[in-house]
>>> print(open('input_25.txt').read())   # compact mmCIF, C-alpha atoms and all ligand atoms
# COMPACT_ATOMS: atom_id res chain seq x y z
CA MET A 1 35.84 -59.83 236.27
CA TYR A 2 36.28 -58.77 232.71
CA SER A 3 33.44 -59.02 230.21
CA LEU A 4 32.85 -58.68 226.49
CA PRO A 5 32.54 -55.00 225.58
CA LYS A 6 29.27 -54.02 223.98
CA LEU A 7 29.61 -53.37 220.26
CA LYS A 8 28.43 -50.02 218.88
CA TYR A 9 26.95 -51.78 215.82
CA GLU A 10 25.05 -54.96 215.04
CA LEU A 11 27.05 -58.11 214.27
CA GLY A 12 25.96 -58.03 210.63
CA ALA A 13 26.46 -54.29 210.15
CA LEU A 14 30.02 -54.52 208.78
CA ASP A 15 28.89 -56.82 205.98
CA PRO A 16 30.12 -57.24 203.25
CA VAL A 17 33.57 -56.16 204.44
CA ILE A 18 33.29 -58.48 207.45
CA SER A 19 30.36 -60.86 207.31
CA ARG A 20 27.98 -61.52 210.18
CA ARG A 21 29.26 -65.10 210.24
CA ILE A 22 32.83 -63.98 210.89
CA MET A 23 31.76 -61.32 213.39
CA ASN A 24 29.67 -63.83 215.30
CA LEU A 25 32.53 -66.33 215.54
CA HIS A 26 35.15 -63.67 216.16
CA TYR A 27 33.24 -61.76 218.85
CA ASN A 28 31.01 -64.37 220.49
CA ARG A 29 33.48 -67.24 220.42
CA HIS A 30 37.09 -66.08 219.97
CA HIS A 31 36.86 -62.87 222.01
CA ALA A 32 34.51 -64.43 224.56
CA THR A 33 37.00 -67.25 225.07
CA TYR A 34 39.82 -64.79 225.71
CA VAL A 35 37.65 -63.09 228.33
CA ASP A 36 36.70 -66.38 230.02
CA LYS A 37 40.30 -67.57 230.14
CA LEU A 38 41.52 -64.18 231.37
CA ASN A 39 39.02 -64.31 234.25
CA SER A 40 39.91 -67.92 235.06
CA ALA A 41 43.60 -67.03 235.21
CA ILE A 42 42.98 -64.10 237.56
CA GLU A 43 40.70 -66.18 239.79
CA SER A 44 43.33 -68.91 240.05
CA VAL A 45 45.54 -66.62 242.14
CA ASP A 46 44.10 -65.89 245.60
CA GLY A 47 43.52 -62.21 246.26
CA LEU A 48 44.97 -61.03 242.97
CA SER A 49 43.68 -57.72 241.69
CA LEU A 50 44.98 -56.81 238.30
CA ASN A 51 44.72 -53.79 236.04
CA LEU A 52 44.93 -55.28 232.57
CA GLU A 53 46.71 -52.42 230.84
CA ASP A 54 49.31 -52.22 233.62
CA ALA A 55 49.72 -55.99 233.63
CA LEU A 56 50.33 -56.16 229.87
CA ALA A 57 52.78 -53.26 230.07
CA ASN A 58 54.62 -54.93 232.97
CA LEU A 59 54.25 -58.66 232.44
CA GLU A 60 57.18 -59.36 234.77
CA THR A 61 54.96 -58.20 237.67
CA VAL A 62 52.32 -60.85 236.88
CA PRO A 63 52.60 -64.09 238.87
CA GLU A 64 54.55 -66.56 236.78
CA SER A 65 51.84 -69.23 237.00
CA ILE A 66 49.46 -67.07 234.97
CA ARG A 67 51.86 -64.87 233.00
CA ALA A 68 51.39 -66.68 229.70
CA ALA A 69 47.62 -66.79 230.20
CA ILE A 70 47.49 -63.05 230.86
CA ARG A 71 49.74 -62.32 227.90
CA ASN A 72 47.65 -64.40 225.49
CA ASN A 73 44.11 -63.99 226.82
CA GLY A 74 44.50 -60.59 228.42
CA GLY A 75 46.22 -59.43 225.24
CA GLY A 76 43.42 -60.97 223.22
CA HIS A 77 40.79 -59.12 225.24
CA TYR A 78 42.63 -55.80 225.08
CA ASN A 79 43.41 -56.05 221.36
CA HIS A 80 39.93 -57.09 220.27
CA SER A 81 38.25 -54.44 222.41
CA LEU A 82 40.30 -51.83 220.57
CA PHE A 83 39.70 -53.43 217.19
CA TRP A 84 35.88 -53.38 217.51
CA SER A 85 36.00 -49.72 218.54
CA MET A 86 37.98 -48.72 215.47
CA MET A 87 35.37 -49.93 213.01
CA THR A 88 31.95 -48.61 212.08
CA PRO A 89 29.50 -49.53 209.30
CA GLY A 90 30.49 -47.67 206.13
CA GLY A 91 33.48 -46.06 207.84
CA THR A 92 33.86 -42.34 208.55
CA GLN A 93 35.76 -39.58 206.78
CA VAL A 94 39.36 -38.74 207.60
CA ASP A 95 39.24 -35.31 209.28
CA ASP A 96 41.65 -32.42 208.75
CA LYS A 97 43.79 -33.39 211.73
CA MET A 98 44.27 -36.95 210.50
CA THR A 99 44.84 -35.73 206.94
CA THR A 100 47.67 -33.56 208.26
CA PHE A 101 49.00 -36.44 210.37
CA PHE A 102 49.20 -38.73 207.34
CA LYS A 103 50.70 -36.00 205.18
CA ASP A 104 53.38 -35.20 207.77
CA ASN A 105 54.28 -38.80 208.53
CA PHE A 106 53.77 -40.61 205.23
CA GLY A 107 53.19 -38.05 202.50
CA GLY A 108 49.46 -38.76 202.47
CA LEU A 109 46.68 -41.17 203.39
CA ASP A 110 47.20 -43.44 200.38
CA GLU A 111 50.91 -43.72 201.12
CA PHE A 112 50.08 -44.62 204.71
CA LYS A 113 47.62 -47.27 203.58
CA GLY A 114 50.26 -48.80 201.32
CA LYS A 115 52.85 -48.96 204.11
CA PHE A 116 50.36 -50.30 206.63
CA LYS A 117 49.21 -52.99 204.22
CA GLU A 118 52.80 -54.00 203.52
CA SER A 119 53.43 -54.40 207.26
CA ALA A 120 50.19 -56.30 207.83
CA LEU A 121 51.05 -58.66 204.97
CA SER A 122 54.48 -59.25 206.47
CA VAL A 123 53.05 -60.77 209.66
CA PHE A 124 53.95 -64.45 209.44
CA GLY A 125 51.17 -66.55 210.92
CA SER A 126 48.89 -64.90 213.46
CA GLY A 127 49.29 -61.36 214.68
CA TRP A 128 48.42 -57.68 214.44
CA ALA A 129 49.48 -54.51 212.65
CA TRP A 130 49.46 -51.21 214.55
CA LEU A 131 49.78 -47.50 213.91
CA LEU A 132 51.25 -45.47 216.78
CA SER A 133 50.87 -41.77 217.45
CA ASP A 134 54.40 -40.88 216.28
CA GLY A 135 53.65 -42.38 212.87
CA GLU A 136 55.40 -45.65 213.55
CA ILE A 137 53.87 -48.82 212.11
CA VAL A 138 54.64 -51.98 214.06
CA THR A 139 53.49 -55.58 214.05
CA THR A 140 53.13 -58.07 216.89
CA PRO A 141 52.78 -61.85 216.89
CA ASN A 142 49.84 -63.71 218.44
CA GLN A 143 47.99 -61.46 220.93
CA ASP A 144 51.00 -59.36 221.85
CA SER A 145 50.46 -55.62 221.87
CA PRO A 146 52.56 -52.45 221.67
CA LEU A 147 51.77 -52.07 225.40
CA MET A 148 54.37 -54.78 225.98
CA ASP A 149 56.97 -52.45 224.46
CA GLY A 150 55.79 -49.58 226.61
CA ARG A 151 53.61 -48.04 223.92
CA SER A 152 50.02 -47.19 224.81
CA ASP A 153 49.67 -44.52 222.12
CA ILE A 154 47.89 -46.81 219.70
CA LEU A 155 45.89 -45.18 216.92
CA LEU A 156 44.91 -48.13 214.78
CA ALA A 157 44.86 -51.91 215.19
CA LEU A 158 44.30 -54.53 212.53
CA ASP A 159 43.74 -58.19 213.34
CA VAL A 160 45.42 -60.35 210.70
CA TRP A 161 44.78 -63.71 212.31
CA GLU A 162 43.18 -66.02 209.76
CA HIS A 163 40.07 -66.19 211.96
CA ALA A 164 39.53 -62.50 211.17
CA TYR A 165 39.13 -62.97 207.42
CA TYR A 166 39.48 -66.53 206.15
CA LEU A 167 35.76 -67.33 205.82
CA ASP A 168 35.24 -64.21 203.68
CA TYR A 169 38.57 -63.83 201.87
CA GLU A 170 40.14 -67.30 202.12
CA ASN A 171 43.93 -66.81 201.86
CA ASN A 172 43.64 -63.30 200.38
CA ARG A 173 44.81 -61.24 203.35
CA GLY A 174 45.58 -58.33 201.04
CA GLY A 175 41.98 -58.25 199.81
CA TYR A 176 40.75 -58.16 203.40
CA ILE A 177 43.06 -55.23 204.19
CA ASP A 178 41.97 -53.33 201.06
CA GLU A 179 38.29 -53.69 201.99
CA TRP A 180 38.89 -53.00 205.68
CA TRP A 181 39.69 -49.33 205.00
CA GLY A 182 36.01 -48.91 204.12
CA ILE A 183 34.88 -49.60 207.70
CA VAL A 184 37.57 -47.75 209.68
CA ASP A 185 36.13 -45.19 212.09
CA TRP A 186 38.63 -42.40 211.47
CA GLY A 187 36.74 -40.17 213.89
CA TYR A 188 37.60 -42.57 216.68
CA VAL A 189 41.20 -42.78 215.48
CA SER A 190 41.38 -38.97 215.50
CA GLU A 191 40.09 -38.85 219.08
CA ARG A 192 42.84 -41.24 220.13
CA LEU A 193 45.44 -38.93 218.60
CA ASP A 194 44.16 -36.18 220.94
CA SER A 195 44.33 -38.15 224.11
MN MN B 201 40.96 -61.94 216.36
>>> encode(input="input_25.txt", output="structure tokens", more="lines below")
Ligand code: MN
Amino acid sequence: MYSLPKLKYELGALDPVISRRIMNLHYNRHHATYVDKLNSAIESVDGLSLNLEDALANLETVPESIRAAIRNNGGGHYNHSLFWSMMTPGGTQVDDKMTTFFKDNFGGLDEFKGKFKESALSVFGSGWAWLLSDGEIVTTPNQDSPLMDGRSDILLALDVWEHAYYLDYENNRGGYIDEWWGIVDWGYVSERLDS
């Protein structure tokens, strides 16, 4: 049985970048629903034991009757669990290692932010923008993840579904992205680059 991961901050702590109202809906309803549906899908197959990361990376091994449910709800659980971990109230400083990473791969942090924003804005409809450990920026539709392309080396994940920002930013996805940098936990991102 999967369950909602505990947040390392209060629901209202990311305000005003992400309001308590959005966090409550996003975490307690959207993410909770992904978890419930993921568990229901697993329970619907007798005797199935499933490692979520392996299943998402190898969807063809998942029983066909629940493959779409695992992709959407399992992906939703995996993606949101990462997303919550990558944020912290007020954000944290970019350390020397990450500064070097951005310099080597993009010319600098600001250049990275510009490229990442451009990619996140290019997502048509619902999806995610990702930074991978080799400096690649990719996007996925819906709740798909880089895991499905064999990439587990995820450094950063940004949810650009409208449910992530519409109540605070209306249709201004770019404004949401600009403000989001202020709550990124770069220390956590840096740890992921190590592992
Ligand atoms: Mn979401």
>>> closest_residue(input="input_25.txt", among="A:Ser81, A:Gly127, A:Gly91, A:Ile137", to="Asn105 in chain A", atoms="all atoms listed in the file")
A:Ile137
>>> closest_residue(input="input_25.txt", among="A:Gly47, A:Gly125, A:Gly187, A:Gly175", to="Glu162 in chain A", atoms="all atoms listed in the file")
A:Gly125
>>> residues_near_ligand(input="input_25.txt", ligand="ligand MN 201 (chain B)", cutoff="6 Å", atoms="all atoms listed in the file", output="count of residues only")
3
>>> closest_residue(input="input_25.txt", among="A:Ser65, A:Ser133, A:Asn73, A:Ser122", to="Val35 in chain A", atoms="only C-alpha atoms")
A:Asn73
>>> atom_distance(input="input_25.txt", atom1="CA of Gly108 in chain A", atom2="CA of Trp181 in chain A")
14.6 Å
